[in-house]
Amino acid sequence: MNEFEKKEFIKTIEEAAAISGTEEVELLEEALIGIFDGNSETFNDLKAAQEQLEENYVEKLESEELVFYSKAKKLLFGSDKVYASNKQKGKVRVGVYFAGSVFNVAIGGVVGGGVSAVKSYIKKKGKKAATEGISRVATAQAKKLGIQTVRGVAIATVIGGAVSFALDYADVGVAIAKFLDSKDWYKNNGWIDITK
């Protein structure tokens, strides 16, 4: 990556974190960078990045002498529904807003100009071509993150439907993640639970 590409990448990360709704933008940015950094322990490991993000947030709260862990989770992504359950339900299990931010970074990097450029990309390419392009990117990213199927259906098929649905929303990545959550083993619980 040259310097210009690094700056654009960081800009896309910052934008994805800013629209995520979290109050802890810096922690989310760090987690997103880890997902895409080949030298990171959490490279392409969505579950490990989610766990590290939660641990870092809890450490921050403890250092600030806040002890309400459930409140911490609610504040992290602005919704207690995302963290409705602490039970480990799936082998791949990650909050929809974190997964959505990861999809936003991947999509924003490919369309050029970050997350906000998706609508321009759709206008430029047309909805059908944009759907196909974004579907390829989101499918490739899901596979990198270990999501191969959703309830026995190939991820490419599920993502195709998700992207068609998501293009009508301002936050395409989160819309894709919510669509996956609506199709997984534990539907609409705020988590992507891929394997039973």
# chains A, B, ... in the order shown; residues from 1 in each chain; ligands from 1
>>> closest_atom_pairs(of="stretch 97-162 of chain A", to="stretch 32-42 of chain A", cutoff="12 Å", atoms="only C-alpha atoms", output="Markdown table")
| residue | atom | partner | partner_atom | distance |
| --- | --- | --- | --- | --- |
| A:Tyr97 | CA | A:Leu32 | CA | 11.9 |
| A:Phe98 | CA | A:Leu32 | CA | 8.6 |
| A:Ala99 | CA | A:Leu32 | CA | 9.6 |
| A:Gly100 | CA | A:Leu32 | CA | 10.8 |
| A:Ser101 | CA | A:Leu32 | CA | 7.7 |
| A:Val102 | CA | A:Leu32 | CA | 6.4 |
| A:Phe103 | CA | A:Leu32 | CA | 10.0 |
| A:Asn104 | CA | A:Leu32 | CA | 10.2 |
| A:Val105 | CA | A:Leu32 | CA | 8.0 |
| A:Ala106 | CA | A:Phe36 | CA | 8.8 |
| A:Gly109 | CA | A:Phe36 | CA | 11.1 |
| A:Gln141 | CA | A:Phe36 | CA | 10.1 |
| A:Ala142 | CA | A:Ile35 | CA | 11.9 |
| A:Lys144 | CA | A:Ile35 | CA | 9.9 |
| A:Leu145 | CA | A:Ile35 | CA | 8.7 |
>>> select_by_dssp(residues="chain A", states="helix (DSSP H, G or I)", output="ChimeraX atom specification")
/A:3-19,25-36,46-63,69-77,96-111,115-125,127-144,155-166,172-183
>>> closest_residue(among="A:Ala162, A:Ile10, A:Val94, A:Ala49", to="A:Thr131", atoms="only C-alpha atoms")
A:Ala162
>>> closest_residue(among="A:Ala175, A:Gly146, A:Gly108, A:Val153", to="A:Phe43", atoms="only C-alpha atoms")
A:Gly146
>>> atom_distance(atom1="atom CA of A:Val96", atom2="atom CA of A:Leu61")
22.1 Å
>>> residues_around(residues="A:Lys119", least_positions_apart="6", cutoff="12 Å", atoms="only C-alpha atoms", output="VMD selection string")
chain A and resid 107 to 108 111 to 113 125 to 127 130 to 131 134 166 to 172
>>> atom_distance(atom1="atom CA of A:Glu24", atom2="atom CA of A:Glu54")
11.0 Å
>>> closest_residue(among="A:Ala18, A:Tyr186, A:Ala117, A:Val163", to="A:Arg151", atoms="only C-alpha atoms")
A:Tyr186
>>> select_by_dssp(residues="chain A", states="strand (DSSP E or B)", output="count of residues only")
10
>>> closest_residue(among="A:Ala16, A:Leu53, A:Val174, A:Ile159", to="A:Gly114", atoms="only C-alpha atoms")
A:Ala16
